[in-house]
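Encoded as structure tokens, the structure appears first; notes follow it.
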Amino acid sequence: MAHLQLTALAGGAGDEMEEVALLGSYDVEAGPVAASDEEAGMRRVQVRVAGMTCSACTGAVEAALSARRGVRRAAVSLLQNRAHVVFDPALAKDEDIVEAIEDAGFEAEILPDSTVSQPKSQKTLSGQFRIGGMTCAACVNSVEGILKKLPGVKRAVVALATSLGEVEYDPSAISKDEIVQAIEDAGFDAALLQSSEQDKVLLSVTGLHTEGDVDVLHDILKKIEGLRQFGVNFGNSEIEIVFDPEVVGLRQIVDTIEMESNDRLKAHVQNPYLQAASNDAQEASKTLHLLLSSLLLSIPVFFIRMVCPHIPLISSFLVMHFGPFCIGDLLKWILVSMIQFVVGKRFYIAAYRALRHGSTNMDVLVVIGTTASYVYSVCALLYGAFTGFHPPIYFETSAMIITFVLFGKYLEVLAKGKTSDAIKKLVELAPATALLLLKDKEGKYSGEKEIDASLVQPGDTLKVLPGSKVPADGVVIWGTSHVNESMVTGESVPISKEVSSPVIGGTMNLHGVLHIQATKVGSGTVLSQIISLVETAQMSKAPIQKFADYVASIFVPIVITLSLLTFLAWFLCGWLGAYPNSWSAESSNCFVFSLMFSISVVVIACPCALGLATPTAVMVATGVGANHGVLVKGGDALERAQNVKYVIFDKTGTLTQGKATVTTAKIFSGMDLGDFLTLVASAEASSEHPLAKAILDYAFHFHFFGKLPSAKDSIKKRKEEILSQWLLEVTDFSALPGKGIQCWINGKKILVS
């Protein structure tokens with residue numbers, strides 16, 4: 001008899017439910033407690049709670065519920081925005097539960113006993129808007145101030161780093177279109193990305209090539225019952241639909257479009273995160289185009305000013321006159337005018353919008369600095385042309401300023417795009433498609449169909465193949481397998497799944513086919529709630545950021561004031577002879593000398609870094625944490641984390657290498673250890689169990705340590721060759737779920753458990 005001791009360098013299976021519970025578990029109903037509650041005649045209800053933002057809120061709701069007469073137990077999940085309450089129906093009613101939560105300052109709604117397909121519209125909706133044109137913290141303050149003044153808007157938070165705004169509003173008092181219009185009236189671009197309202201969806205349609213295709217689509221949509229309104233955008237191949245989810249489902253709408261058009265038109269639900277990534281790429285491309293244009297026009301200006309005067313042939317050509325102007329000065333005027341008013345048009349537009357609403361930003365400083373340099377140079381050029389006295393001109397100053405500012409803007413856009421990588425990686429965890437099992441009229445399975453994962457509805461039966469991701473939160477109704485849930489629970493050891501086991505959307509099915517029944521889809525899944533938590537953390541403002549925003553709001557007026565004081569100080573000193581005339585000899589007079597100092601103060605004082613530094617740091621920190629399984633509640637938590645001196649982990653096995661290894665192998669008979677490991681490894685080589693690989697690697701290392709080449713690729717190739725020759729032939733292999741494996745090797749029955 002032999003004994004094989006395995007140590008998995010991860011938390012054990014018993015840690016699974018504890019880890020999930022820390023995230024606001026999806027599996028709150030399971031367990032013996034529920035059964036005992038039902039036997040005792042207790043009533044269990046799930047309540048949707050709106051307005052919770054932190055653990056203090058969940059504590060307040062739990063305390064309010066526990067204080068109610070008849071309530072035996074109450075558990076509140078922040079991620080799910082739900083409360084699970086067990087109470088005595090003879091002492092309390094559903095209305096009492098709702099009243100207790102509302103008295104605590106939150107909105108509550110009892111969920112029906114059956115699976116809830118989509119959250120119904122609440123009194124307060126939350127919308128996420130993309131806001132373009134913001135350049136600094138002053139813009140953020142301006143947009144937030146405008147939004148908060150709108151009737152029906154209860155809360156508004158704007159993030160400069162992501163160009164996103166989140167607005168909570170009363171749909172009976174103001175619509176999303178009115179919010180977009182208000183932002184655009186303030187001088188910024190705005191578009192709705194997503195909303196908590198579930199009956200409005202944006203679909204992308206492939207196959208819209210002609211006006212005839214649009215007419216066909218119109219006819220199809222008009223015939224669908226429950227479709228309240230729709231709008232077709234032919235240019236973007238998109239349709240926006242508003243429908244009654246009680247009458248028609250989104251999947252039914254998509255299927256109807258495909259069937260009625262004979263598969264010529266195909267509709268897909270647009271992912272708001274992918275759309276946001278596309279917008280980031282377009283913004284980066286546009287800024288790069290402006291930068292290259294400015295650079296190509298600035299280089300000739302620089303050469304005409306600095307290089308060409310030292311080349312006799314070119315210098316003699318540039319000093320020739322075309323009318324009253326030198327050819328060199330005329331070329332610089334033309335080139336810089338294109339930079340100033342064509343490439344730099346965006347700065348003038350943004351500055352005008354800011355000043356029109358009584359605010360200032362970096363664009364105002366750029367416009368003031370470059371315009372002062374440009375206007376002075378034009379005046380000096382005209383003055384010299386008509387008087388014969390030629391003061392120095394500084395066209396290259398405004399050209400170089402715009403070029404360098406655009407270079408900074410481009411780096412800023414790239415940095416903004418990278419800060420949202422964490423959200424993109426989380427979104428990519430969810431599969432794009434799902435295998436839907438179809439049923440006939442008698443309820444028997446008649447086939448399967450691949451659909452968009454966004455079209456999965458609660459109650460659907462889905463097929464999950466080995467190596468594919470689970471498309472939605474649900475419960476296993478057929479099959480056995482192991483699922484890697486480390487992306488949610490942090491548990492590196494795959495979890496065994498059988499009938500009635502819960503599964504989480506986005507986790508990986510390692511082996512074995514599973515049939516699951518979807519229970520939560522869309523924003524109700526654990527993965528969506530994690531994404532929402534990370535988004536909320538990234539949009540939250542740390543206390544130090546609030547101070548930085550205040551400084552940025554008064555920064556521009558102070559800089560302009562300092563610039564004027566600089567000009568006056570140097571001009572008065574020159575006029576009074578406080579410094580030698582040789583200092584300003586090249587500038588011909590103290591006015592031009594003082595103007596250059598004044599322009600320098602305006603240009604170098606950029607408030608963008610002040611407003612971007614803190615939110616970017618918060619986004620990067622929360623993003624890196626999310627990639628490593630650490631969820632940060634927001635900037636305030638990060639700021640307070642600097643005071644943490646000790647970190648205490650709740651149990652052993654929490655910090656792991658993420659893979660199982662064999663620590664020792666003991667023989668309790670006279671059998672040779674090498675022969676024993678060869679038999680066990682040969683048997684486990686046919687198994688897909690996660691621990692089988694650990695046993696196989698241990699046996700291989702035992703036999704061939706020091707006999708492999710050093711190169712990594714050579715090791716892998718040589719290992720495959722050795723395995724094919726070293727392992728024994730196995731027959732009648734079978735895996736017994738929960739017990740182990742059995743097989744025959746050389747006429748001997750081998751059992752490994």
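Identifiers in the structure tokens: chain A, B, ... in order shown; residue index from 1 per chain; ligand index from 1 in order shown.
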Excluding Asn236 in chain A and its own-chain neighbours fewer than 5 positions away, which residues fall within 10 Å of it when counting only C-alpha atoms? Please give them as a ChimeraX atom specification.
/A:204-205,208
Going by DSSP on the backbone, which bits of range 299-534 of chain A are strand (DSSP E)? Write them as a ChimeraX atom specification, please.
/A:321-322,325-326,433-439,445-452,461-464,473-478,481-484,495-497,502-503,508-511,514-520
Could you please take those selected residues and save N, CA and C atoms as a short mmCIF file (atom, residue, chain, number, x, y, z; two decimals), in the first residue's frame?
data_model
loop_
_atom_site.label_atom_id
_atom_site.label_comp_id
_atom_site.auth_asym_id
_atom_site.auth_seq_id
_atom_site.Cartn_x
_atom_site.Cartn_y
_atom_site.Cartn_z
N HIS A 321 12.95 90.90 -51.80
CA HIS A 321 11.67 91.50 -51.49
C HIS A 321 10.60 91.08 -52.49
N PHE A 322 9.44 90.82 -51.96
CA PHE A 322 8.25 90.60 -52.78
C PHE A 322 7.28 91.72 -52.39
N PHE A 325 7.56 93.28 -48.60
CA PHE A 325 7.92 92.24 -47.62
C PHE A 325 9.11 91.43 -48.10
N CYS A 326 9.93 91.00 -47.14
CA CYS A 326 10.99 90.02 -47.44
C CYS A 326 10.34 88.66 -47.68
N THR A 433 -20.07 35.00 -27.01
CA THR A 433 -21.22 34.21 -27.46
C THR A 433 -21.57 33.14 -26.43
N ALA A 434 -22.74 32.54 -26.60
CA ALA A 434 -23.21 31.46 -25.73
C ALA A 434 -23.94 30.44 -26.57
N LEU A 435 -23.91 29.17 -26.14
CA LEU A 435 -24.64 28.10 -26.83
C LEU A 435 -25.98 27.90 -26.13
N LEU A 436 -27.05 28.29 -26.80
CA LEU A 436 -28.40 28.17 -26.25
C LEU A 436 -29.01 26.84 -26.66
N LEU A 437 -29.49 26.07 -25.68
CA LEU A 437 -30.17 24.81 -25.98
C LEU A 437 -31.64 25.09 -26.26
N LEU A 438 -32.09 24.68 -27.44
CA LEU A 438 -33.46 24.94 -27.87
C LEU A 438 -34.38 23.81 -27.44
N LYS A 439 -35.60 24.17 -27.13
CA LYS A 439 -36.60 23.18 -26.72
C LYS A 439 -37.77 23.19 -27.69
N TYR A 445 -35.19 18.92 -25.52
CA TYR A 445 -34.14 19.63 -26.23
C TYR A 445 -34.11 19.18 -27.70
N SER A 446 -34.19 20.15 -28.59
CA SER A 446 -34.26 19.84 -30.02
C SER A 446 -33.03 20.30 -30.79
N GLY A 447 -32.13 20.98 -30.14
CA GLY A 447 -30.94 21.47 -30.84
C GLY A 447 -30.26 22.56 -30.04
N GLU A 448 -29.28 23.17 -30.66
CA GLU A 448 -28.56 24.26 -30.00
C GLU A 448 -28.29 25.37 -31.01
N LYS A 449 -28.12 26.59 -30.49
CA LYS A 449 -27.92 27.76 -31.34
C LYS A 449 -26.93 28.70 -30.66
N GLU A 450 -25.97 29.20 -31.43
CA GLU A 450 -25.00 30.16 -30.90
C GLU A 450 -25.58 31.57 -30.96
N ILE A 451 -25.61 32.25 -29.84
CA ILE A 451 -26.17 33.60 -29.77
C ILE A 451 -25.18 34.52 -29.07
N ASP A 452 -25.40 35.83 -29.20
CA ASP A 452 -24.62 36.80 -28.45
C ASP A 452 -24.86 36.60 -26.96
N THR A 461 -31.42 27.75 -20.87
CA THR A 461 -30.52 26.62 -20.64
C THR A 461 -29.35 26.74 -21.61
N LEU A 462 -28.14 26.80 -21.08
CA LEU A 462 -26.95 27.04 -21.88
C LEU A 462 -26.01 25.85 -21.79
N LYS A 463 -25.32 25.59 -22.86
CA LYS A 463 -24.34 24.51 -22.93
C LYS A 463 -22.94 25.11 -22.85
N VAL A 464 -22.14 24.64 -21.91
CA VAL A 464 -20.78 25.15 -21.72
C VAL A 464 -19.80 24.03 -22.04
N ASP A 473 -24.18 34.01 -14.89
CA ASP A 473 -24.34 33.37 -13.58
C ASP A 473 -25.51 32.39 -13.66
N GLY A 474 -25.35 31.22 -13.05
CA GLY A 474 -26.43 30.24 -13.12
C GLY A 474 -26.19 29.06 -12.23
N VAL A 475 -26.95 28.00 -12.49
CA VAL A 475 -26.89 26.78 -11.70
C VAL A 475 -26.75 25.60 -12.66
N VAL A 476 -25.89 24.64 -12.32
CA VAL A 476 -25.69 23.46 -13.15
C VAL A 476 -26.92 22.56 -13.04
N ILE A 477 -27.47 22.16 -14.19
CA ILE A 477 -28.61 21.24 -14.20
C ILE A 477 -28.26 19.88 -14.80
N TRP A 478 -27.06 19.80 -15.40
CA TRP A 478 -26.60 18.51 -15.95
C TRP A 478 -25.10 18.57 -16.14
N SER A 481 -17.89 18.83 -13.87
CA SER A 481 -16.67 19.42 -14.41
C SER A 481 -15.94 20.14 -13.28
N HIS A 482 -14.83 20.77 -13.62
CA HIS A 482 -14.11 21.66 -12.71
C HIS A 482 -14.05 23.03 -13.38
N VAL A 483 -14.26 24.07 -12.58
CA VAL A 483 -14.30 25.44 -13.11
C VAL A 483 -13.26 26.28 -12.37
N ASN A 484 -12.49 27.02 -13.14
CA ASN A 484 -11.50 27.94 -12.56
C ASN A 484 -12.19 29.26 -12.21
N ILE A 495 -12.68 24.50 -8.95
CA ILE A 495 -13.76 24.05 -8.09
C ILE A 495 -14.60 23.00 -8.82
N SER A 496 -14.89 21.93 -8.13
CA SER A 496 -15.72 20.87 -8.71
C SER A 496 -17.16 21.34 -8.83
N LYS A 497 -17.76 21.06 -9.99
CA LYS A 497 -19.14 21.44 -10.25
C LYS A 497 -19.96 20.22 -10.64
N PRO A 502 -23.60 26.23 -8.13
CA PRO A 502 -23.67 27.55 -8.78
C PRO A 502 -22.42 27.81 -9.62
N VAL A 503 -22.57 28.54 -10.69
CA VAL A 503 -21.45 28.94 -11.53
C VAL A 503 -21.51 30.45 -11.75
N MET A 508 -13.82 29.98 -16.19
CA MET A 508 -13.42 29.03 -17.23
C MET A 508 -13.79 27.60 -16.86
N ASN A 509 -14.54 26.92 -17.75
CA ASN A 509 -14.85 25.51 -17.59
C ASN A 509 -13.68 24.69 -18.12
N LEU A 510 -13.04 23.94 -17.24
CA LEU A 510 -11.80 23.26 -17.61
C LEU A 510 -12.04 21.96 -18.38
N HIS A 511 -12.92 21.10 -17.89
CA HIS A 511 -13.19 19.85 -18.61
C HIS A 511 -14.58 19.37 -18.27
N LEU A 514 -21.08 21.03 -19.43
CA LEU A 514 -22.08 21.43 -18.44
C LEU A 514 -23.30 22.02 -19.12
N HIS A 515 -24.47 21.72 -18.57
CA HIS A 515 -25.70 22.43 -18.94
C HIS A 515 -26.07 23.28 -17.74
N ILE A 516 -26.19 24.59 -17.96
CA ILE A 516 -26.52 25.47 -16.84
C ILE A 516 -27.80 26.23 -17.15
N GLN A 517 -28.50 26.59 -16.10
CA GLN A 517 -29.67 27.45 -16.25
C GLN A 517 -29.29 28.85 -15.76
N ALA A 518 -29.41 29.82 -16.65
CA ALA A 518 -29.01 31.19 -16.31
C ALA A 518 -29.96 31.77 -15.27
N THR A 519 -29.38 32.37 -14.25
CA THR A 519 -30.18 33.02 -13.20
C THR A 519 -29.98 34.53 -13.19
N LYS A 520 -28.77 34.97 -13.50
CA LYS A 520 -28.50 36.41 -13.54
C LYS A 520 -27.73 36.73 -14.81
#
Write out as a PyMOL selection string all residues of range 331-490 of chain A that DSSP puts in alpha helix (DSSP H) for this structure's backbone.
chain A and resi 331-338+345-356+362-387+395-419+421-429+486-489
Do a neighbour search on Lys409 in chain A at 9 Å with only C-alpha atoms, toss out local chain neighbours closer than 5 positions, and write the hits as an NGL selection string.
:A and (135 or 287 or 291 or 404 or 414)
Quick one: everything within 9 Å of Ile402 in chain A, counting only C-alpha atoms, minus sequence neighbours fewer than 5 positions away in the same chain. Send it as a PyMOL selection string.
chain A and resi 291+294+339-340+343-344+366+370+397+407
Residue selection dump (C-alpha atoms) as a JSON list (two decimals), in the first residue's frame:
[["chain", "number", "residue", "atom", "x", "y", "z"],
["A", 291, "LEU", "CA", 0.33, 67.19, -34.22],
["A", 294, "SER", "CA", 1.69, 71.36, -36.98],
["A", 339, "ILE", "CA", -0.72, 76.70, -37.79],
["A", 340, "GLN", "CA", -2.38, 79.45, -35.78],
["A", 343, "VAL", "CA", -4.30, 73.60, -36.69],
["A", 344, "GLY", "CA", -4.90, 75.81, -33.65],
["A", 366, "VAL", "CA", -2.57, 78.89, -25.09],
["A", 370, "THR", "CA", 0.16, 82.41, -29.11],
["A", 397, "THR", "CA", 7.25, 81.34, -31.10],
["A", 407, "PHE", "CA", 2.45, 66.95, -28.36]]
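The gap separating CA of Pro580 in chain A from CA of Phe593 in chain A is 12.2 Å, in Å to one decimal.
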Using only C-alpha atoms, the best pick from A:Val405, A:Leu203, A:Ile667, A:Leu355 as closest to His268 in chain A would be A:Leu203
Coordinates-based distance that separates CA of Ala617 in chain A from CA of Leu160 in chain A (Å, one decimal)
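So the two atoms, CA of Leu160 in chain A and CA of Ala617 in chain A, lie 12.2 Å apart.
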Residue nearest Glu729 in chain A among A:Tyr698, A:Trp744, A:Phe597, A:Phe341 (counting only C-alpha atoms)
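Distance minimum relative to Glu729 in chain A lands on A:Trp744.
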Identify which of the residues A:Ala190, A:Thr731, A:Val61, A:Val378 lies closest to Ala104 in chain A, counting only C-alpha atoms when measuring atom-to-atom distances.
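With only C-alpha atoms as the atom set, the closest residue is A:Val61.
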